[in-house]
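Engineer: This one is upload-v1.cif, mmCIF, C-alpha atoms.
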data_run
loop_
_atom_site.label_atom_id
_atom_site.label_comp_id
_atom_site.auth_asym_id
_atom_site.auth_seq_id
_atom_site.Cartn_x
_atom_site.Cartn_y
_atom_site.Cartn_z
CA MET A 1 119.16 162.75 73.88
CA ALA A 2 122.35 162.49 71.85
CA GLN A 3 120.22 162.41 68.72
CA LEU A 4 118.51 165.68 69.76
CA ILE A 5 121.88 167.42 70.27
CA ARG A 6 123.28 166.13 66.96
CA SER A 7 120.17 167.36 65.12
CA GLY A 8 120.73 170.92 66.39
CA PHE A 9 117.88 170.94 68.89
CA SER A 10 118.20 174.13 71.03
CA GLY A 11 115.11 173.86 73.22
CA ARG A 12 114.95 172.81 76.87
CA ILE A 13 115.31 169.05 77.53
CA THR A 14 113.33 167.99 80.58
CA LYS A 15 113.93 164.95 82.78
CA SER A 16 110.44 163.67 82.04
CA GLY A 17 111.09 164.01 78.32
CA VAL A 18 114.27 161.98 78.51
CA LEU A 19 112.54 159.28 80.58
CA GLY A 20 109.63 159.23 78.17
CA ALA A 21 111.97 158.81 75.22
CA ALA A 22 113.80 156.03 77.04
CA ARG A 23 110.54 154.26 77.81
CA SER A 24 109.49 154.58 74.19
CA MET A 25 112.76 153.05 73.02
CA SER A 26 112.64 150.20 75.54
CA THR A 27 109.10 149.21 74.63
CA ALA A 28 110.23 148.84 71.02
CA TRP A 29 113.02 146.37 71.80
CA TRP A 30 110.86 143.25 71.43
CA SER A 31 107.93 144.61 69.43
CA HIS A 32 109.11 142.69 66.36
CA VAL A 33 108.91 139.30 68.12
CA GLU A 34 106.10 137.09 66.87
CA PRO A 35 104.64 134.12 68.81
CA ALA A 36 106.49 130.89 68.09
CA ALA A 37 104.69 128.13 66.25
CA LYS A 38 103.29 125.47 68.56
CA ASP A 39 105.31 122.30 68.87
CA PRO A 40 103.46 119.70 66.76
CA ILE A 41 103.75 117.06 69.49
CA LEU A 42 103.31 119.04 72.69
CA GLY A 43 100.45 121.01 71.11
CA VAL A 44 98.47 117.76 70.92
CA THR A 45 98.55 117.42 74.70
CA GLU A 46 97.41 121.02 75.15
CA ALA A 47 94.39 120.38 72.94
CA PHE A 48 93.64 117.10 74.71
CA LEU A 49 93.69 118.71 78.15
CA ALA A 50 91.32 121.45 76.99
CA ASP A 51 88.76 118.94 75.66
CA PRO A 52 85.93 118.29 78.20
CA SER A 53 84.76 115.08 76.49
CA PRO A 54 84.69 112.03 78.82
CA ASN A 55 85.61 109.81 75.85
CA LYS A 56 88.78 111.65 74.87
CA VAL A 57 91.91 109.60 74.15
CA ASN A 58 95.49 110.88 73.92
CA VAL A 59 97.75 108.82 71.67
CA GLY A 60 99.99 111.75 70.81
CA VAL A 61 102.88 112.20 73.21
CA GLY A 62 105.50 109.50 73.66
CA ALA A 63 105.33 108.81 77.39
CA TYR A 64 104.55 105.37 78.77
CA ARG A 65 101.23 104.72 80.50
CA ASP A 66 99.96 101.59 82.26
CA ASP A 67 96.81 99.76 81.17
CA ASN A 68 94.73 102.26 83.14
CA GLY A 69 96.28 105.13 81.21
CA LYS A 70 98.26 106.31 84.24
CA PRO A 71 101.91 107.41 84.41
CA VAL A 72 104.30 104.80 85.80
CA VAL A 73 107.20 105.06 88.24
CA LEU A 74 109.19 101.83 88.05
CA GLY A 75 109.80 99.84 91.21
CA CYS A 76 113.56 100.00 90.69
CA VAL A 77 113.32 103.80 90.50
CA ARG A 78 111.28 103.98 93.70
CA GLU A 79 113.92 101.93 95.53
CA ALA A 80 116.74 104.10 94.14
CA GLU A 81 114.85 107.19 95.28
CA ARG A 82 114.48 105.70 98.77
CA ARG A 83 118.24 105.21 98.99
CA ILE A 84 118.98 108.71 97.71
CA ALA A 85 116.61 110.24 100.29
CA GLY A 86 118.74 108.74 103.05
CA ASN A 87 121.94 110.21 101.62
CA LEU A 88 121.06 113.50 99.93
CA ASN A 89 123.70 115.15 97.75
CA MET A 90 123.19 118.59 96.22
CA GLU A 91 126.76 119.25 95.11
CA TYR A 92 127.78 120.15 91.57
CA LEU A 93 128.69 117.34 89.21
CA PRO A 94 131.78 117.80 87.02
CA MET A 95 131.18 119.28 83.56
CA GLY A 96 131.24 115.76 82.13
CA GLY A 97 128.65 114.55 84.63
CA SER A 98 128.50 111.47 86.82
CA VAL A 99 131.46 109.21 86.05
CA LYS A 100 129.66 106.16 87.43
CA MET A 101 126.49 106.82 85.43
CA VAL A 102 128.50 107.32 82.23
CA GLU A 103 130.49 104.11 82.81
CA GLU A 104 127.33 102.03 83.25
CA THR A 105 125.64 103.70 80.29
CA LEU A 106 128.55 102.82 78.01
CA LYS A 107 128.23 99.17 79.02
CA LEU A 108 124.61 99.18 77.84
CA ALA A 109 125.49 100.57 74.43
CA TYR A 110 128.86 98.96 73.73
CA GLY A 111 128.66 95.74 75.74
CA GLU A 112 129.56 94.71 79.28
CA ASN A 113 132.98 93.45 78.19
CA SER A 114 133.70 95.93 75.41
CA ASP A 115 137.37 96.29 74.46
CA LEU A 116 136.62 99.90 73.52
CA ILE A 117 135.72 100.60 77.15
CA LYS A 118 138.73 98.66 78.49
CA ASP A 119 141.07 100.52 76.15
CA LYS A 120 139.51 103.87 77.13
CA ARG A 121 138.80 104.72 73.51
CA ILE A 122 135.35 106.23 74.13
CA ALA A 123 134.89 109.93 74.87
CA ALA A 124 131.66 110.26 76.84
CA VAL A 125 129.80 112.88 78.87
CA GLN A 126 126.49 113.01 80.69
CA ALA A 127 123.93 114.95 78.66
CA LEU A 128 120.46 116.43 79.12
CA SER A 129 118.70 113.29 77.89
CA GLY A 130 118.78 112.35 74.21
CA THR A 131 117.96 115.86 73.01
CA GLY A 132 120.94 117.30 74.88
CA ALA A 133 123.22 114.52 73.62
CA CYS A 134 122.24 115.23 70.01
CA ARG A 135 122.72 118.97 70.52
CA LEU A 136 126.20 118.49 72.02
CA PHE A 137 127.15 116.39 69.02
CA ALA A 138 125.68 118.90 66.56
CA ASP A 139 127.72 121.72 68.11
CA PHE A 140 130.83 119.51 68.15
CA GLN A 141 130.27 118.71 64.47
CA LYS A 142 129.94 122.39 63.60
CA ARG A 143 133.06 123.34 65.57
CA PHE A 144 135.38 120.61 64.32
CA SER A 145 133.93 119.80 60.90
CA PRO A 146 132.57 123.24 59.97
CA ASP A 147 131.99 122.51 56.28
CA SER A 148 130.04 119.29 56.87
CA GLN A 149 126.31 118.63 56.73
CA ILE A 150 124.06 116.04 58.38
CA TYR A 151 121.88 113.51 56.57
CA ILE A 152 118.60 112.95 58.43
CA PRO A 153 116.01 110.24 57.59
CA VAL A 154 112.59 111.04 56.16
CA PRO A 155 110.66 111.09 58.38
CA THR A 156 112.36 111.56 61.74
CA TRP A 157 111.59 112.92 65.19
CA SER A 158 110.71 116.56 64.50
CA ASN A 159 113.17 117.94 67.06
CA HIS A 160 116.14 116.50 65.15
CA HIS A 161 115.68 119.22 62.54
CA ASN A 162 115.55 121.92 65.23
CA ILE A 163 118.72 120.66 66.89
CA TRP A 164 120.96 120.74 63.83
CA ARG A 165 119.30 123.94 62.55
CA ASP A 166 120.13 125.79 65.76
CA ALA A 167 123.68 124.40 65.67
CA ASN A 168 123.95 125.92 62.16
CA VAL A 169 124.72 122.60 60.51
CA PRO A 170 123.25 122.29 56.99
CA GLN A 171 120.78 119.43 56.63
CA ARG A 172 120.19 116.92 53.89
CA THR A 173 117.74 114.03 53.96
CA PHE A 174 117.80 110.38 52.97
CA HIS A 175 114.98 108.00 52.11
CA TYR A 176 113.78 105.73 54.90
CA TYR A 177 110.03 105.07 55.06
CA HIS A 178 108.02 103.56 52.19
CA PRO A 179 104.43 104.90 52.42
CA GLU A 180 102.88 102.22 50.22
CA SER A 181 104.30 99.24 52.09
CA LYS A 182 104.41 101.11 55.40
CA GLY A 183 107.84 99.59 55.83
CA LEU A 184 111.47 100.40 55.07
CA ASP A 185 112.42 101.84 51.68
CA PHE A 186 115.70 99.96 51.80
CA ALA A 187 116.65 100.29 48.13
CA SER A 188 116.27 104.09 48.15
CA LEU A 189 118.03 104.33 51.51
CA MET A 190 121.03 102.48 50.12
CA ASP A 191 121.06 104.61 46.99
CA ASP A 192 121.18 107.75 49.11
CA VAL A 193 124.03 106.34 51.22
CA LYS A 194 125.97 105.50 48.05
CA ASN A 195 125.30 108.87 46.40
CA ALA A 196 126.17 111.03 49.41
CA PRO A 197 129.64 112.62 49.25
CA ASN A 198 132.35 110.50 50.83
CA GLY A 199 132.77 111.16 54.53
CA SER A 200 129.23 112.43 55.16
CA PHE A 201 127.54 112.52 58.56
CA PHE A 202 124.36 110.45 58.97
CA LEU A 203 121.87 110.40 61.83
CA LEU A 204 120.56 106.86 62.40
CA HIS A 205 117.92 105.59 64.82
CA ALA A 206 119.44 102.61 66.66
CA CYS A 207 116.08 100.93 67.26
CA ALA A 208 112.34 101.70 67.38
CA HIS A 209 112.57 104.42 64.74
CA ASN A 210 110.56 107.50 65.70
CA PRO A 211 107.96 108.12 64.30
CA THR A 212 107.58 105.05 62.06
CA GLY A 213 108.48 102.10 64.29
CA VAL A 214 110.19 100.64 61.20
CA ASP A 215 113.70 99.22 61.73
CA PRO A 216 116.11 97.56 59.30
CA THR A 217 116.64 93.82 59.76
CA GLU A 218 119.96 92.55 61.07
CA GLU A 219 121.05 91.68 57.53
CA GLN A 220 120.04 95.14 56.29
CA TRP A 221 122.04 96.77 59.08
CA LYS A 222 125.06 94.75 57.94
CA GLU A 223 124.62 96.04 54.40
CA ILE A 224 124.23 99.62 55.64
CA SER A 225 127.37 99.29 57.77
CA TYR A 226 129.33 97.86 54.84
CA GLN A 227 128.31 100.72 52.56
CA PHE A 228 129.18 103.27 55.24
CA LYS A 229 132.64 101.69 55.37
CA VAL A 230 133.02 101.91 51.60
CA LYS A 231 132.00 105.58 51.58
CA GLY A 232 133.79 106.59 54.78
CA HIS A 233 130.57 107.94 56.32
CA TYR A 234 130.15 108.81 59.99
CA ALA A 235 127.16 107.40 61.91
CA LEU A 236 125.59 109.08 64.92
CA PHE A 237 123.12 106.69 66.51
CA ASP A 238 120.22 108.17 68.45
CA MET A 239 119.24 105.39 70.86
CA ALA A 240 116.27 106.64 72.85
CA TYR A 241 114.50 103.28 73.21
CA GLN A 242 117.10 100.68 74.22
CA GLY A 243 115.22 97.91 76.04
CA PHE A 244 111.89 99.59 75.40
CA ALA A 245 111.67 98.37 71.80
CA SER A 246 111.96 94.58 72.13
CA GLY A 247 112.23 94.24 75.90
CA ASP A 248 115.89 93.20 75.54
CA PRO A 249 118.58 95.94 75.75
CA GLU A 250 121.15 93.70 74.06
CA ARG A 251 118.90 93.00 71.10
CA ASP A 252 118.02 96.68 70.76
CA ALA A 253 121.73 97.60 70.57
CA LYS A 254 122.36 95.21 67.67
CA SER A 255 122.67 97.94 65.04
CA ILE A 256 125.42 99.63 67.03
CA ARG A 257 127.26 96.37 67.65
CA ILE A 258 127.24 95.60 63.92
CA PHE A 259 128.86 98.94 63.15
CA LEU A 260 131.43 98.41 65.91
CA GLU A 261 132.30 94.95 64.58
CA ASP A 262 133.03 96.59 61.23
CA GLY A 263 135.43 99.04 62.87
CA HIS A 264 133.39 102.25 62.61
CA LEU A 265 134.15 105.19 64.88
CA ILE A 266 130.55 105.95 65.77
CA GLY A 267 128.76 108.44 67.97
CA CYS A 268 125.86 107.48 70.23
CA ALA A 269 123.18 109.56 71.97
CA GLN A 270 121.46 107.69 74.83
CA SER A 271 118.48 108.53 77.01
CA TYR A 272 116.80 107.10 80.10
CA ALA A 273 113.50 108.90 79.52
CA LYS A 274 111.67 105.93 78.02
CA ASN A 275 113.43 102.82 79.32
CA MET A 276 113.51 103.97 82.97
CA GLY A 277 110.60 106.39 82.82
CA LEU A 278 112.86 109.28 83.87
CA TYR A 279 111.20 111.75 81.51
CA GLY A 280 111.50 114.81 83.72
CA GLN A 281 114.98 114.04 85.04
CA ARG A 282 116.65 114.59 81.64
CA VAL A 283 119.32 111.90 82.00
CA GLY A 284 121.36 110.91 78.97
CA CYS A 285 124.83 110.43 77.56
CA LEU A 286 126.78 111.31 74.44
CA SER A 287 129.63 108.99 73.53
CA MET A 288 132.08 109.02 70.63
CA VAL A 289 134.42 106.19 69.71
CA CYS A 290 137.96 107.42 69.04
CA GLU A 291 141.18 106.05 67.54
CA ASP A 292 142.92 105.76 70.89
CA GLU A 293 142.85 106.93 74.52
CA LYS A 294 144.70 110.16 73.76
CA GLN A 295 142.13 111.17 71.16
CA ALA A 296 139.29 110.24 73.52
CA VAL A 297 140.70 112.51 76.23
CA ALA A 298 140.90 115.40 73.75
CA VAL A 299 137.38 114.86 72.40
CA LYS A 300 135.88 114.62 75.88
CA SER A 301 137.59 117.84 76.91
CA GLN A 302 136.06 119.63 73.92
CA LEU A 303 132.60 118.22 74.62
CA GLN A 304 132.90 119.58 78.16
CA GLN A 305 133.94 122.97 76.80
CA ILE A 306 130.83 123.04 74.61
CA ALA A 307 128.64 122.11 77.60
CA ARG A 308 130.16 124.76 79.89
CA PRO A 309 128.47 127.88 78.39
CA MET A 310 125.26 125.93 77.69
CA TYR A 311 124.43 124.63 81.16
CA SER A 312 127.80 124.44 82.97
CA ASN A 313 127.24 120.94 84.36
CA PRO A 314 124.38 118.44 84.23
CA PRO A 315 121.86 117.74 87.04
CA ILE A 316 122.73 115.17 89.68
CA HIS A 317 119.48 113.55 90.77
CA GLY A 318 118.58 111.49 87.72
CA ALA A 319 122.20 110.44 87.33
CA LEU A 320 122.15 109.08 90.88
CA VAL A 321 118.98 107.11 90.15
CA VAL A 322 120.53 105.51 87.06
CA SER A 323 123.84 104.79 88.82
CA ILE A 324 122.16 103.07 91.76
CA ILE A 325 119.98 100.89 89.52
CA LEU A 326 122.73 99.81 87.13
CA THR A 327 125.37 99.11 89.80
CA ASP A 328 123.11 97.04 92.08
CA PRO A 329 122.63 93.52 90.62
CA ASP A 330 119.18 93.07 92.17
CA LEU A 331 117.91 96.48 91.06
CA LYS A 332 119.32 96.00 87.57
CA LYS A 333 117.57 92.63 87.36
CA LEU A 334 114.33 94.30 88.46
CA TRP A 335 114.80 97.05 85.86
CA LEU A 336 115.30 94.50 83.08
CA LYS A 337 112.10 92.77 84.18
CA GLU A 338 110.15 96.04 84.31
CA VAL A 339 111.38 97.37 80.98
CA LYS A 340 110.42 94.06 79.37
CA GLY A 341 107.00 94.41 80.98
CA MET A 342 106.55 97.84 79.38
CA ALA A 343 107.68 96.57 75.98
CA ASP A 344 105.41 93.52 76.20
CA ARG A 345 102.37 95.68 77.02
CA ILE A 346 103.06 97.82 73.94
CA ILE A 347 103.44 94.71 71.77
CA GLY A 348 100.19 93.35 73.18
CA MET A 349 98.34 96.56 72.37
CA ARG A 350 99.63 96.39 68.79
CA THR A 351 98.10 92.94 68.42
CA ALA A 352 94.83 94.05 70.01
CA LEU A 353 94.48 97.13 67.79
CA ARG A 354 95.16 95.15 64.64
CA GLU A 355 92.73 92.39 65.63
CA ASN A 356 89.99 94.89 66.45
CA LEU A 357 90.36 96.61 63.08
CA GLU A 358 90.29 93.30 61.23
CA LYS A 359 87.16 92.17 63.12
CA LEU A 360 85.41 95.36 62.01
CA GLY A 361 85.90 94.25 58.41
CA SER A 362 88.34 96.99 57.44
CA PRO A 363 89.16 96.80 53.72
CA LEU A 364 92.71 97.91 54.48
CA SER A 365 95.70 95.87 55.60
CA TRP A 366 96.80 96.61 59.15
CA GLU A 367 99.66 94.15 59.42
CA HIS A 368 102.12 97.03 59.68
CA ILE A 369 100.79 97.71 63.19
CA THR A 370 102.36 94.48 64.45
CA LYS A 371 105.37 94.58 62.13
CA GLN A 372 106.49 97.95 63.48
CA ILE A 373 108.21 98.12 66.86
CA GLY A 374 108.58 100.46 69.83
CA MET A 375 106.38 103.18 71.22
CA PHE A 376 104.93 104.43 67.94
CA CYS A 377 102.79 103.09 65.15
CA TYR A 378 102.96 104.97 61.86
CA SER A 379 99.36 104.31 60.91
CA GLY A 380 99.32 105.59 57.34
CA MET A 381 96.34 107.85 58.06
CA THR A 382 96.22 111.18 56.25
CA PRO A 383 96.12 114.56 58.04
CA GLU A 384 92.46 114.87 57.06
CA GLN A 385 91.64 111.49 58.60
CA VAL A 386 93.50 112.49 61.77
CA ASP A 387 91.46 115.70 61.90
CA ARG A 388 88.28 113.62 61.77
CA LEU A 389 89.51 111.42 64.60
CA THR A 390 90.02 114.52 66.72
CA ASN A 391 86.92 116.46 65.73
CA GLU A 392 84.43 113.58 65.68
CA PHE A 393 85.88 111.09 68.19
CA HIS A 394 88.05 113.24 70.50
CA ILE A 395 91.14 111.16 69.73
CA TYR A 396 94.36 113.17 69.77
CA LEU A 397 97.52 112.39 67.79
CA THR A 398 99.94 114.20 65.52
CA ARG A 399 98.68 114.93 62.00
CA ASN A 400 101.28 112.65 60.39
CA GLY A 401 99.23 109.71 61.69
CA ARG A 402 101.70 108.65 64.38
CA ILE A 403 99.96 106.74 67.18
CA SER A 404 101.66 106.50 70.55
CA MET A 405 100.93 102.90 71.46
CA ALA A 406 101.63 103.77 75.10
CA GLY A 407 98.29 105.57 75.17
CA VAL A 408 96.37 102.50 73.97
CA THR A 409 94.79 100.39 76.72
CA THR A 410 92.45 97.42 76.97
CA GLY A 411 89.81 99.95 77.96
CA ASN A 412 90.08 102.19 74.89
CA VAL A 413 91.48 99.95 72.13
CA GLY A 414 88.00 99.00 70.88
CA TYR A 415 86.88 102.65 70.74
CA LEU A 416 90.12 103.64 68.99
CA ALA A 417 89.82 100.85 66.43
CA ASN A 418 86.19 101.74 65.65
CA ALA A 419 87.10 105.40 65.16
CA ILE A 420 90.03 104.54 62.90
CA HIS A 421 87.76 102.23 60.91
CA GLU A 422 85.16 104.96 60.48
CA VAL A 423 87.63 107.49 59.08
CA THR A 424 89.55 105.04 56.86
CA LYS A 425 86.89 102.65 55.47
CA THR A 426 86.26 104.80 52.39
CA ALA A 427 89.94 105.55 51.77
#
So, in terms of structure tokens, how does the structure I just supplied come out?
Structural biologist:
Amino acid sequence: MAQLIRSGFSGRITKSGVLGAARSMSTAWWSHVEPAAKDPILGVTEAFLADPSPNKVNVGVGAYRDDNGKPVVLGCVREAERRIAGNLNMEYLPMGGSVKMVEETLKLAYGENSDLIKDKRIAAVQALSGTGACRLFADFQKRFSPDSQIYIPVPTWSNHHNIWRDANVPQRTFHYYHPESKGLDFASLMDDVKNAPNGSFFLLHACAHNPTGVDPTEEQWKEISYQFKVKGHYALFDMAYQGFASGDPERDAKSIRIFLEDGHLIGCAQSYAKNMGLYGQRVGCLSMVCEDEKQAVAVKSQLQQIARPMYSNPPIHGALVVSIILTDPDLKKLWLKEVKGMADRIIGMRTALRENLEKLGSPLSWEHITKQIGMFCYSGMTPEQVDRLTNEFHIYLTRNGRISMAGVTTGNVGYLANAIHEVTKTA
């Protein structure tokens, strides 16, 4: 209407005309919005669900399944849920989350008797699983080191790029995976660490690297830690698979402990999605080692300030489940037994898949299947070979060749191996 008056319009303006103009303007507000690209991982599940084939196999999404291909709720979780049901609590948590859950989570990462915990040198808050922990750190990095960038391994979990992109932190990459050996490109990794500007931020996978399943050895971690010390680099560890990788949470935290022994002030993003099966509860923690207690108090307060406009405070239910399990000696013992059981099944399926491929007379080496660790096997298959698996055999996985070993069972491993053999035997 104002535009009509400014243009010198002298005719009669009707109510219907004004409303029509308003409707026309409002319908244009979002007309420029295009559909978002499908998530490369979650899109696999959508395609799998739409496939009517009785032989279909989903080895795409990283969620644990039992040997019948069914989702699992751990016994320790069921007992924790039973206790919660008898004492329901729907109150808000503080911005920093459940104090008890955070305390127990720090013990897993830093050690039961960690001096850093005793000296209150760790700033830590509950986060929305590992994704939320990484995002909190990315926003913290942007706010308090605004000119910095983050070095991310090639390849990495695809969402890492989204997290730092949306936090407006520039990204660089460093070598990690060696396609020919299907192992670690350690020499190139070290060169990139040495050549990065002093004081750079690096994202490291603590164990069970996603998507490759390739981890440095203990000696290699020591060399990486030493070079980080020389260069003054900062390490943020994303530890989504503690306990799930080897079956031993202490062993899976070895990379972090090595860095701590060398005096690094690290960051750590933790998640209970995989190792407790709490996928939908979104329970995690972000922790940052500080110079002293005073600095830790300041850092924690700033992390809480970042969380406040994002989601105000984290959800309570999953935090209660974790707290009950980790503070009850019997339930914690049961959890350790169950998480080892999950890891052992994955390791067993790696052996079975490799043996099946070798029995078929594959001309290729498949030893990397058993050398890699954790939920995923980076198979080395090309996107075109993956497309054949899907189109001809109804087997669903991401086009980078990443196989979720959690989807492999004694019932489908022979079928999967035969299909892989068929699409790779002429490679």
Engineer: Each residue of segment 235-310 of chain A with at least one atom at most 6 Å from segment 200-221 of chain A should appear once, together with its nearest atom pair and the corresponding distance in Å (one decimal); atoms considered: all atoms listed in the file; ordering: chain, then increasing residue number; output as a Markdown table.
Structural biologist:
| residue | atom | partner | partner_atom | distance |
| --- | --- | --- | --- | --- |
| A:Ala235 | CA | A:Phe202 | CA | 5.1 |
| A:Leu236 | CA | A:Leu203 | CA | 5.0 |
| A:Phe237 | CA | A:Leu204 | CA | 4.8 |
| A:Asp238 | CA | A:His205 | CA | 5.0 |
| A:Met239 | CA | A:Ala206 | CA | 5.0 |
| A:Ala245 | CA | A:Ala208 | CA | 5.6 |
| A:Asp252 | CA | A:Cys207 | CA | 5.8 |
| A:Ser255 | CA | A:Ala206 | CA | 5.9 |
Engineer: Could you list, as a PDB file with C-alpha atoms, in the frame of the given file, every residue matched by the PyMOL selection byres ((chain A and resi 305) around 12) in this structure?
Structural biologist:
ATOM      1  CA  PRO A  94     131.780 117.800  87.020  1.00  0.00           C
ATOM      2  CA  MET A  95     131.180 119.280  83.560  1.00  0.00           C
ATOM      3  CA  GLY A  96     131.240 115.760  82.130  1.00  0.00           C
ATOM      4  CA  VAL A 125     129.800 112.880  78.870  1.00  0.00           C
ATOM      5  CA  LEU A 136     126.200 118.490  72.020  1.00  0.00           C
ATOM      6  CA  ASP A 139     127.720 121.720  68.110  1.00  0.00           C
ATOM      7  CA  PHE A 140     130.830 119.510  68.150  1.00  0.00           C
ATOM      8  CA  ARG A 143     133.060 123.340  65.570  1.00  0.00           C
ATOM      9  CA  ALA A 298     140.900 115.400  73.750  1.00  0.00           C
ATOM     10  CA  VAL A 299     137.380 114.860  72.400  1.00  0.00           C
ATOM     11  CA  LYS A 300     135.880 114.620  75.880  1.00  0.00           C
ATOM     12  CA  SER A 301     137.590 117.840  76.910  1.00  0.00           C
ATOM     13  CA  GLN A 302     136.060 119.630  73.920  1.00  0.00           C
ATOM     14  CA  LEU A 303     132.600 118.220  74.620  1.00  0.00           C
ATOM     15  CA  GLN A 304     132.900 119.580  78.160  1.00  0.00           C
ATOM     16  CA  ILE A 306     130.830 123.040  74.610  1.00  0.00           C
ATOM     17  CA  ALA A 307     128.640 122.110  77.600  1.00  0.00           C
ATOM     18  CA  ARG A 308     130.160 124.760  79.890  1.00  0.00           C
ATOM     19  CA  PRO A 309     128.470 127.880  78.390  1.00  0.00           C
ATOM     20  CA  MET A 310     125.260 125.930  77.690  1.00  0.00           C
ATOM     21  CA  TYR A 311     124.430 124.630  81.160  1.00  0.00           C
ATOM     22  CA  SER A 312     127.800 124.440  82.970  1.00  0.00           C
ATOM     23  CA  ASN A 313     127.240 120.940  84.360  1.00  0.00           C
TER      24      ASN A 313
END
Engineer: Can I get the residues of segment 249-341 of chain A within 10 Å of segment 81-86 of chain A, each with the closest pair of atoms and their distance in Å to one decimal, using all atoms listed in the file, sorted chain first then ascending number, as a Markdown table?
Structural biologist:
| residue | atom | partner | partner_atom | distance |
| --- | --- | --- | --- | --- |
| A:His317 | CA | A:Ile84 | CA | 8.5 |
| A:Gly318 | CA | A:Glu81 | CA | 9.5 |
| A:Leu320 | CA | A:Ile84 | CA | 7.5 |
| A:Val321 | CA | A:Glu81 | CA | 6.6 |
| A:Ile324 | CA | A:Arg83 | CA | 8.5 |
| A:Ile325 | CA | A:Glu81 | CA | 10.0 |
Engineer: List the residues matched by the PyMOL selection byres ((chain A and resi 388-390) around 9) in the displayed structure as a VMD selection string, ordered by chain and then by residue number.
Structural biologist: chain A and resid 56 383 to 387 391 to 397 416 419 to 420 422 to 423
Engineer: Provide the atom CA of Thr45 of chain A to atom CA of His178 of chain A distance in Å, to one decimal place.
Structural biologist: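 Atom-to-atom, atom CA of Thr45 of chain A and atom CA of His178 of chain A are spaced 28.1 Å apart.
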Engineer: Could you please determine the separation between atom CA of Pro155 of chain A and atom CA of Lys371 of chain A in Å, to one decimal place?
Structural biologist: 17.7 Å
Engineer: Select, from A:Leu357, A:Ile346, A:Ala47, A:Met288, the residue with the minimum atom-to-atom distance to Ser404 of chain A, counting all atoms listed in the file.
Structural biologist: A:Ile346
Engineer: Considering only C-alpha atoms, can you say which of A:Asp39, A:Glu358, A:Glu112, A:Asp119 comes closest to Glu293 of chain A?
Structural biologist: A:Asp119
Engineer: Name the closest residue to Lys142 of chain A among the candidates A:Lys274, A:Arg165, A:Lys294, A:Arg172; distances are taken between atoms, counting all atoms listed in the file.
Structural biologist: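 Distance minimum relative to Lys142 of chain A lands on A:Arg165.
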Engineer: I need the residue set behind the PyMOL selection byres ((chain A and resi 71) around 12) for this file; please write it as a PyMOL selection string.
Structural biologist: chain A and resi 62-70+72-74+274+277-279+342+406-407
Engineer: Quick one: distance from atom CA of Met405 of chain A to atom CA of Glu79 of chain A in Å, one decimal?
Structural biologist: 27.4 Å
Engineer: Within 12 Å of Ala196 of chain A, counting all atoms listed in the file, which residues qualify if same-chain residues fewer than 4 places away don't, as a PyMOL selection string?
Structural biologist: chain A and resi 148-152+172-175+189-192+200-202+227-228+230-234
Engineer: When distances are computed from only C-alpha atoms, which of A:Cys134, A:Val59, A:Val297, A:Ile224 shows the smallest separation from Lys120 of chain A?
Structural biologist: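 Smallest distance to Lys120 of chain A is found for A:Val297.
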